[in-house]
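What follows is the content of final-v1.txt, which has compact mmCIF, C-alpha atoms and all ligand atoms:
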# COMPACT_ATOMS: atom_id res chain seq x y z
CA MET A 1 11.19 -17.81 20.55
CA LYS A 2 7.52 -18.47 19.75
CA ILE A 3 6.34 -17.77 16.23
CA PHE A 4 2.73 -17.19 15.18
CA ILE A 5 1.53 -19.06 12.11
CA ASP A 6 -2.19 -18.97 11.28
CA GLY A 7 -3.41 -18.72 14.85
CA GLU A 8 -0.97 -21.14 16.53
CA PHE A 9 2.36 -20.57 18.22
CA TYR A 10 5.37 -22.71 17.26
CA ALA A 11 8.92 -23.06 18.55
CA GLU A 12 11.49 -21.62 16.16
CA ASP A 13 12.57 -25.00 14.75
CA GLN A 14 8.94 -26.04 14.28
CA ALA A 15 7.80 -22.83 12.58
CA LYS A 16 7.50 -23.93 8.96
CA ILE A 17 5.41 -23.25 5.89
CA SER A 18 4.77 -25.31 2.78
CA VAL A 19 7.20 -25.31 -0.15
CA PHE A 20 4.07 -24.78 -2.27
CA ASP A 21 3.30 -21.44 -0.62
CA HIS A 22 3.30 -18.79 -3.36
CA GLY A 23 5.01 -16.43 -0.93
CA LEU A 24 8.08 -18.64 -1.39
CA LEU A 25 7.53 -19.66 -5.02
CA TYR A 26 6.78 -16.18 -6.37
CA GLY A 27 7.32 -13.61 -3.64
CA ASP A 28 3.52 -13.36 -3.71
CA GLY A 29 2.51 -11.73 -0.45
CA VAL A 30 2.87 -8.61 1.67
CA PHE A 31 4.57 -7.73 4.93
CA GLU A 32 5.22 -5.15 7.62
CA GLY A 33 8.18 -4.40 9.85
CA ILE A 34 6.95 -3.00 13.17
CA ARG A 35 8.79 -1.93 16.34
CA ALA A 36 7.98 -2.18 20.01
CA TYR A 37 9.55 0.17 22.53
CA ASN A 38 9.15 0.22 26.27
CA GLY A 39 6.09 -2.07 26.34
CA ARG A 40 4.25 -0.34 23.47
CA VAL A 41 3.96 -1.03 19.76
CA PHE A 42 4.74 2.13 17.82
CA ARG A 43 2.15 3.19 15.21
CA LEU A 44 0.52 -0.25 15.16
CA ILE A 45 -2.72 0.93 13.52
CA GLU A 46 -0.80 2.63 10.71
CA HIS A 47 1.19 -0.54 10.02
CA ILE A 48 -1.92 -2.73 9.97
CA ASP A 49 -3.72 -0.24 7.70
CA ARG A 50 -0.76 -0.26 5.29
CA LEU A 51 -0.69 -4.07 5.32
CA PHE A 52 -4.36 -4.13 4.29
CA ASP A 53 -3.72 -1.52 1.57
CA SER A 54 -0.80 -3.55 0.20
CA ALA A 55 -2.96 -6.70 0.24
CA LYS A 56 -5.86 -4.93 -1.46
CA ALA A 57 -3.58 -3.68 -4.24
CA ILE A 58 -2.51 -7.24 -5.07
CA LEU A 59 -6.02 -8.68 -4.52
CA LEU A 60 -4.95 -10.77 -1.54
CA THR A 61 -7.55 -11.51 1.10
CA ILE A 62 -6.13 -11.36 4.62
CA PRO A 63 -7.93 -14.04 6.62
CA LEU A 64 -8.18 -11.91 9.79
CA SER A 65 -9.66 -8.48 10.54
CA HIS A 66 -7.62 -5.37 11.39
CA GLU A 67 -8.44 -5.87 15.08
CA GLU A 68 -7.60 -9.59 15.03
CA ILE A 69 -4.20 -8.98 13.40
CA SER A 70 -3.38 -6.18 15.86
CA GLU A 71 -4.26 -8.50 18.72
CA ALA A 72 -2.17 -11.31 17.17
CA VAL A 73 0.84 -8.96 17.01
CA LEU A 74 0.39 -7.99 20.67
CA GLU A 75 -0.15 -11.63 21.70
CA THR A 76 3.05 -12.68 19.89
CA LEU A 77 4.98 -10.11 21.94
CA ARG A 78 3.30 -11.35 25.13
CA GLN A 79 4.08 -15.00 24.33
CA ASN A 80 7.72 -13.99 23.94
CA GLN A 81 7.70 -11.72 27.01
CA MET A 82 8.95 -8.87 24.87
CA GLN A 83 8.72 -5.17 25.74
CA ASP A 84 11.11 -4.04 23.02
CA GLY A 85 11.80 -5.57 19.65
CA TYR A 86 11.17 -5.82 15.96
CA ILE A 87 8.07 -7.56 14.65
CA ARG A 88 7.89 -9.07 11.19
CA LEU A 89 4.29 -9.55 10.06
CA VAL A 90 3.94 -11.50 6.80
CA VAL A 91 0.87 -12.48 4.81
CA THR A 92 1.60 -14.95 2.03
CA ARG A 93 -0.73 -15.91 -0.82
CA GLY A 94 -0.80 -19.41 0.68
CA VAL A 95 -0.44 -22.92 -0.70
CA GLY A 96 -1.22 -23.42 -4.40
CA SER A 97 -0.10 -25.33 -7.46
CA LEU A 98 3.21 -24.66 -9.23
CA GLY A 99 1.49 -22.33 -11.72
CA LEU A 100 1.76 -18.66 -10.83
CA SER A 101 -1.95 -17.90 -10.77
CA PRO A 102 -3.11 -17.01 -7.25
CA SER A 103 -6.47 -18.61 -8.08
CA THR A 104 -5.08 -21.99 -6.96
CA CYS A 105 -4.26 -20.62 -3.48
CA ALA A 106 -7.24 -21.21 -1.24
CA LYS A 107 -6.18 -19.13 1.76
CA GLY A 108 -3.39 -16.75 2.71
CA SER A 109 -1.11 -17.54 5.63
CA ILE A 110 -0.22 -15.11 8.42
CA ILE A 111 3.21 -15.30 10.07
CA ILE A 112 4.35 -13.11 12.97
CA ILE A 113 7.94 -13.18 14.22
CA ALA A 114 8.96 -11.07 17.21
CA SER A 115 12.70 -10.70 17.41
CA SER A 116 15.36 -8.04 17.45
CA LEU A 117 16.96 -6.16 14.59
CA GLN A 118 20.08 -4.04 14.67
CA LEU A 119 20.34 -2.51 11.23
CA TYR A 120 23.30 -0.25 11.87
CA PRO A 121 25.94 -0.17 14.61
CA LYS A 122 25.61 2.69 17.10
CA GLU A 123 28.51 4.73 15.70
CA PHE A 124 26.65 5.27 12.42
CA TYR A 125 23.91 7.15 14.29
CA GLU A 126 26.56 9.43 15.77
CA GLU A 127 28.86 9.79 12.77
CA GLY A 128 26.45 9.28 9.86
CA LEU A 129 26.46 6.96 6.85
CA LYS A 130 28.45 7.20 3.64
CA ILE A 131 26.27 6.04 0.76
CA ILE A 132 26.36 5.77 -3.03
CA THR A 133 23.76 5.91 -5.77
CA ALA A 134 22.81 2.52 -7.19
CA SER A 135 22.73 1.88 -10.93
CA THR A 136 19.67 -0.30 -10.36
CA ARG A 137 16.58 1.91 -10.71
CA ARG A 138 13.61 1.59 -8.37
CA THR A 139 10.74 -0.38 -9.91
CA THR A 140 8.38 1.80 -11.87
CA PRO A 141 5.04 2.48 -10.12
CA ALA A 142 3.40 1.43 -13.40
CA GLY A 143 4.81 -2.08 -12.85
CA LEU A 144 4.87 -3.02 -9.20
CA ASN A 145 4.18 0.14 -7.22
CA PRO A 146 6.78 0.59 -4.45
CA SER A 147 3.87 1.66 -2.21
CA VAL A 148 2.95 -2.02 -2.07
CA LYS A 149 5.11 -3.52 0.66
CA SER A 150 5.32 -6.85 -1.11
CA LEU A 151 7.45 -9.92 -0.45
CA ASN A 152 9.19 -9.26 -3.73
CA TYR A 153 12.26 -7.26 -2.70
CA LEU A 154 14.61 -8.35 -5.49
CA ASN A 155 14.75 -4.82 -6.94
CA ASN A 156 15.98 -3.51 -3.58
CA ILE A 157 18.28 -6.49 -3.08
CA MET A 158 19.94 -5.85 -6.46
CA ALA A 159 20.70 -2.30 -5.30
CA LYS A 160 21.82 -3.55 -1.89
CA ILE A 161 24.31 -5.88 -3.58
CA GLU A 162 25.80 -2.85 -5.33
CA GLY A 163 26.21 -1.26 -1.90
CA ASN A 164 27.81 -4.40 -0.48
CA LEU A 165 30.29 -4.50 -3.36
CA ALA A 166 31.13 -0.83 -2.81
CA GLY A 167 31.48 -1.29 0.95
CA VAL A 168 28.60 1.00 1.97
CA LYS A 169 25.66 0.20 4.21
CA GLU A 170 22.85 1.77 2.16
CA VAL A 171 22.34 3.03 -1.39
CA LEU A 172 20.24 5.74 -2.97
CA MET A 173 17.77 4.51 -5.59
CA LEU A 174 16.49 6.71 -8.42
CA ASN A 175 13.30 6.21 -10.38
CA GLU A 176 13.19 5.67 -14.14
CA GLU A 177 13.31 9.44 -14.77
CA GLY A 178 16.37 9.83 -12.59
CA TYR A 179 14.63 11.47 -9.62
CA VAL A 180 15.36 10.24 -6.10
CA ALA A 181 12.91 7.52 -5.09
CA GLU A 182 14.20 6.12 -1.78
CA CYS A 183 16.92 3.86 -0.38
CA THR A 184 16.68 0.06 -0.33
CA GLY A 185 14.85 0.00 3.00
CA ASP A 186 14.42 3.64 3.99
CA ASN A 187 12.90 6.93 2.84
CA VAL A 188 15.10 9.93 2.08
CA PHE A 189 15.11 13.46 3.53
CA VAL A 190 17.45 16.42 2.99
CA ILE A 191 17.57 19.86 4.58
CA LYS A 192 18.65 22.94 2.61
CA ASN A 193 18.58 26.53 3.88
CA GLY A 194 16.25 25.64 6.76
CA THR A 195 13.70 23.71 4.68
CA LEU A 196 13.09 19.96 4.83
CA TYR A 197 12.69 18.16 1.50
CA THR A 198 11.53 14.63 0.74
CA PRO A 199 10.40 13.05 -2.54
CA PRO A 200 6.62 12.61 -2.95
CA THR A 201 5.57 8.95 -2.82
CA TYR A 202 4.63 9.10 -6.52
CA ALA A 203 8.38 9.42 -7.23
CA GLY A 204 8.52 5.71 -6.41
CA GLY A 205 9.05 5.24 -2.70
CA LEU A 206 7.14 3.43 0.00
CA GLY A 207 4.76 5.60 2.03
CA GLY A 208 6.93 5.08 5.08
CA ILE A 209 5.39 5.25 8.55
CA THR A 210 8.60 6.77 9.94
CA ARG A 211 8.51 9.25 7.05
CA GLN A 212 5.00 10.25 8.13
CA VAL A 213 6.16 10.68 11.74
CA VAL A 214 9.01 12.94 10.57
CA LEU A 215 6.54 15.04 8.54
CA GLU A 216 4.48 15.48 11.73
CA LEU A 217 7.57 16.33 13.81
CA ALA A 218 8.73 18.90 11.23
CA SER A 219 5.38 20.62 11.40
CA GLU A 220 5.53 20.67 15.23
CA MET A 221 9.07 22.06 15.09
CA LYS A 222 8.01 24.72 12.59
CA LEU A 223 10.55 23.34 10.12
CA PRO A 224 9.21 24.24 6.64
CA LEU A 225 8.64 21.15 4.49
CA LYS A 226 8.40 20.47 0.77
CA GLU A 227 7.46 17.14 -0.79
CA ILE A 228 9.14 17.66 -4.12
CA GLU A 229 10.96 15.65 -6.79
CA MET A 230 14.70 15.70 -6.14
CA THR A 231 17.73 14.98 -8.29
CA ARG A 232 21.15 13.78 -7.15
CA TYR A 233 22.26 17.43 -7.49
CA ASP A 234 19.73 18.47 -4.84
CA VAL A 235 21.16 15.78 -2.57
CA PHE A 236 24.80 16.76 -3.22
CA VAL A 237 24.20 20.44 -2.37
CA SER A 238 22.02 19.84 0.69
CA ASP A 239 23.11 20.93 4.19
CA GLU A 240 21.90 17.81 6.00
CA MET A 241 20.55 14.41 5.05
CA PHE A 242 18.95 11.50 6.86
CA LEU A 243 17.06 8.29 6.10
CA THR A 244 13.96 7.00 7.85
CA GLY A 245 12.61 3.50 8.43
CA THR A 246 11.09 1.44 11.20
CA GLY A 247 14.25 -0.65 11.52
CA ALA A 248 16.78 2.12 10.87
CA GLU A 249 14.73 4.76 12.74
CA ILE A 250 16.40 8.04 11.71
CA ILE A 251 19.94 7.62 10.45
CA PRO A 252 22.10 10.55 9.33
CA VAL A 253 23.93 10.53 5.98
CA VAL A 254 27.13 12.58 5.72
CA ASN A 255 28.49 11.65 2.29
CA VAL A 256 26.86 10.66 -1.02
CA ASP A 257 28.91 9.49 -4.03
CA GLY A 258 32.04 11.03 -2.54
CA ARG A 259 30.44 14.45 -1.86
CA ASP A 260 30.23 15.56 1.77
CA ILE A 261 26.72 16.60 2.76
CA GLY A 262 27.04 20.05 4.32
CA ASN A 263 30.24 20.03 6.35
CA GLY A 264 30.32 16.22 6.39
CA LYS A 265 29.04 16.08 10.00
CA VAL A 266 25.63 15.10 11.36
CA GLY A 267 23.45 18.23 11.14
CA THR A 268 21.74 20.05 14.00
CA TRP A 269 18.20 19.63 12.61
CA THR A 270 18.89 15.94 12.13
CA LYS A 271 19.97 15.60 15.77
CA LYS A 272 16.85 17.45 16.91
CA ILE A 273 14.58 15.22 14.84
CA ILE A 274 16.31 12.07 16.13
CA GLY A 275 15.74 13.27 19.71
CA ALA A 276 12.07 14.02 19.09
CA TYR A 277 11.58 10.66 17.38
CA HIS A 278 13.05 8.77 20.36
CA GLN A 279 10.84 10.75 22.69
CA LEU A 280 7.77 9.70 20.68
CA THR A 281 8.71 6.02 20.32
CA SER A 282 9.38 5.63 24.05
CA THR A 283 6.13 7.26 25.18
CA THR A 284 3.41 6.41 22.62
CA GLY A 285 1.95 3.27 21.05
CA ALA A 286 -0.37 0.33 21.68
CA GLU A 287 0.25 -1.22 25.09
CA ILE A 288 1.42 -4.83 24.98
CA PHE A 289 0.57 -5.98 28.50
N1 LIG A 301 11.29 2.05 1.83
C1 LIG A 301 11.41 0.73 1.78
C2 LIG A 301 11.74 0.08 0.48
C3 LIG A 301 11.23 -0.04 2.94
O1 LIG A 301 11.35 -1.37 2.89
C4 LIG A 301 10.93 0.61 4.15
C5 LIG A 301 10.72 -0.19 5.41
N2 LIG A 301 11.90 -0.79 5.88
C6 LIG A 301 10.84 2.00 4.16
C7 LIG A 301 11.00 2.69 2.97
C8 LIG A 301 10.54 2.76 5.42
O2 LIG A 301 9.19 2.53 5.82
P1 LIG A 301 8.75 2.53 7.33
O3 LIG A 301 9.15 3.85 7.89
O4 LIG A 301 7.28 2.37 7.28
O5 LIG A 301 9.44 1.41 8.01
Using the file provided, produce a representation of the structure as structure tokens.
Ligand code: PMP
Amino acid sequence: MKIFIDGEFYAEDQAKISVFDHGLLYGDGVFEGIRAYNGRVFRLIEHIDRLFDSAKAILLTIPLSHEEISEAVLETLRQNQMQDGYIRLVVTRGVGSLGLSPSTCAKGSIIIIASSLQLYPKEFYEEGLKIITASTRRTTPAGLNPSVKSLNYLNNIMAKIEGNLAGVKEVLMLNEEGYVAECTGDNVFVIKNGTLYTPPTYAGGLGGITRQVVLELASEMKLPLKEIEMTRYDVFVSDEMFLTGTGAEIIPVVNVDGRDIGNGKVGTWTKKIIGAYHQLTSTTGAEIF
């Protein structure tokens, strides 16, 4: 595997960054998880735009342009002869002193890893996930806004640990007011009486790229949509539920906190949306070669 660091490619065991990088010392940096399917990178521009928005929000200067980063992502896939895979694009604050001020970091570092990622075994896509609600609340947007895809994922990891202890693969996270925010690495959707519902991003979730694709698909499918604050009650009484994320794609949920969602089986709208999503990922995107 060849890994991109600041314009050069390194073998896996040579791909290293400084212990003084504030990305390591403080989780100071931003990242993207991107997917390639069938020789194309899905929604590359959207991912690069979000990376720049995340960086802007934390006043981090990315040392390459949008076009240069896009090209670096494509070149990393070419160097690894990859047509399909998961790309991790990271921009750290760079090397600085041990103090937390970013002012000591002269230049950010860009890392691109092209690999594979299997978030969930195949049977979960067919049978659906059982999840629970975490006690850990999603970080308030007034602190670190979850729209910033930062390297600081401890809030999500704390919730993930709750899931691990309970023996479930994903957990629902609420915001400080108790409304549904998102899961640890995915956005949340439910369907009730033929309408699709998802929390607005101001409820404390990432503006997911897969979420955006699902909003577009719903509109094409004439499935009415409401971006509205949701409680756990709204989740419990929904007919269908699924999560969205670049890594997870679209994964059905069939049980939350012991309550079956609908009849406890993967719903028909969910199956339709999964089919349409696969159709889109296999036929659109930035060409690698
Ligand atoms: N929420 C969080 C916390 C995430 O980390 C992610 C990405 N894995 C998502 C939602 C989904 O975003 P996207 O569809 O852009 O991958």
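Proximity to ligand LIG 301 (chain A) was assessed for A:Asp186, A:Glu220, A:Asp257, A:Glu287 counting all atoms listed in the file; the smallest distance is recorded for A:Asp186.
Residue nearest ligand LIG 301 (chain A), chosen from A:Cys183, A:Met221, A:Ile273, A:Val266 and counting all atoms listed in the file: A:Cys183.
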Residues at most 6 Å from ligand LIG 301 (chain A), using only C-alpha atoms and all ligand atoms? Could they come as a short mmCIF file (atom, residue, chain, number, x, y, z; two decimals) with C-alpha atoms, in the frame of the given file?
data_model
loop_
_atom_site.label_atom_id
_atom_site.label_comp_id
_atom_site.auth_asym_id
_atom_site.auth_seq_id
_atom_site.Cartn_x
_atom_site.Cartn_y
_atom_site.Cartn_z
CA THR A 184 16.68 0.06 -0.33
CA GLY A 185 14.85 0.00 3.00
CA ASP A 186 14.42 3.64 3.99
CA ASN A 187 12.90 6.93 2.84
CA GLY A 205 9.05 5.24 -2.70
CA LEU A 206 7.14 3.43 0.00
CA GLY A 208 6.93 5.08 5.08
CA ILE A 209 5.39 5.25 8.55
CA THR A 210 8.60 6.77 9.94
CA ARG A 211 8.51 9.25 7.05
CA THR A 244 13.96 7.00 7.85
CA GLY A 245 12.61 3.50 8.43
CA THR A 246 11.09 1.44 11.20
#
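For the pair CA of Glu12 (chain A) and CA of Leu154 (chain A), the separation is 25.6 Å.
Interatomic distance, CA of Leu51 (chain A) to CA of Ala142 (chain A): 19.9 Å.
Shortest separation to Arg88 (chain A) among A:Glu32, A:Glu127, A:Glu71, A:Asp49 occurs at residue A:Glu32, atoms counted being only C-alpha atoms.
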Pairwise distance for CA of Asp6 (chain A) and CA of Ile111 (chain A), rounded to one decimal in Å: 6.6 Å
Name the residues within 12 Å of (14.3, 7.5, 20.7), counting all atoms listed in the file in the file's coordinates, and put them as number ranges by chain. A: 35-38, 42, 125, 246, 248-251, 271-284
Please provide the set of residues having any atom within 8 Å of region 226-238 of chain A, restricted to all atoms listed in the file, with same-chain residues fewer than 5 positions apart removed, written as a ChimeraX atom specification. /A:178-180,190-192,195-200,203,256,259-262
Selection from above, C-alpha atoms, as a PDB file, in the frame of the given file, can you write it?
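That gives us selection-v3.pdb:
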ATOM      1  CA  GLY A 178      16.370   9.830 -12.590  1.00  0.00           C
ATOM      2  CA  TYR A 179      14.630  11.470  -9.620  1.00  0.00           C
ATOM      3  CA  VAL A 180      15.360  10.240  -6.100  1.00  0.00           C
ATOM      4  CA  VAL A 190      17.450  16.420   2.990  1.00  0.00           C
ATOM      5  CA  ILE A 191      17.570  19.860   4.580  1.00  0.00           C
ATOM      6  CA  LYS A 192      18.650  22.940   2.610  1.00  0.00           C
ATOM      7  CA  THR A 195      13.700  23.710   4.680  1.00  0.00           C
ATOM      8  CA  LEU A 196      13.090  19.960   4.830  1.00  0.00           C
ATOM      9  CA  TYR A 197      12.690  18.160   1.500  1.00  0.00           C
ATOM     10  CA  THR A 198      11.530  14.630   0.740  1.00  0.00           C
ATOM     11  CA  PRO A 199      10.400  13.050  -2.540  1.00  0.00           C
ATOM     12  CA  PRO A 200       6.620  12.610  -2.950  1.00  0.00           C
ATOM     13  CA  ALA A 203       8.380   9.420  -7.230  1.00  0.00           C
ATOM     14  CA  VAL A 256      26.860  10.660  -1.020  1.00  0.00           C
ATOM     15  CA  ARG A 259      30.440  14.450  -1.860  1.00  0.00           C
ATOM     16  CA  ASP A 260      30.230  15.560   1.770  1.00  0.00           C
ATOM     17  CA  ILE A 261      26.720  16.600   2.760  1.00  0.00           C
ATOM     18  CA  GLY A 262      27.040  20.050   4.320  1.00  0.00           C
TER      19      GLY A 262
END
Please tell me which residues are no farther than 9 Å from (18.4, -2.1, -5.7) in the file, counting only C-alpha atoms, and write them as a count of residues only. 22
Show me, as JSON, numbers by chain, the residues that have an atom within 12 Å of Arg50 (chain A) when counting only C-alpha atoms, minus same-chain residues fewer than 5 positions from it. {"A": [30, 31, 32, 33, 34, 43, 44, 45, 55, 56, 57, 66, 89, 147, 148, 149, 150, 206, 207, 208, 209]}
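Shortest separation to Glu46 (chain A) among A:Glu216, A:Ser70, A:Thr268, A:Val188 occurs at residue A:Ser70, atoms counted being only C-alpha atoms.
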So, with only C-alpha atoms as the atoms that count, which of A:Ser219, A:Asn193, A:Ser54, A:Thr140 lies closest to Val91 (chain A)? A:Ser54
If I wrap all listed atoms of region 97-105 of chain A in a box with edges along x, y and z and add 8 Å on each side, what are its centre and edge lengths in Å to one decimal, as lines of an AutoDock Vina configuration file?
center_x = -1.6
center_y = -21.2
center_z = -7.6
size_x = 25.7
size_y = 24.3
size_z = 24.2
For Gly108 (chain A), work out the shell of residues within 7 Å, counting all atoms listed in the file and skipping chain neighbours fewer than 3 positions away, then give it as a VMD selection string. chain A and resid 61 to 63 91 to 94
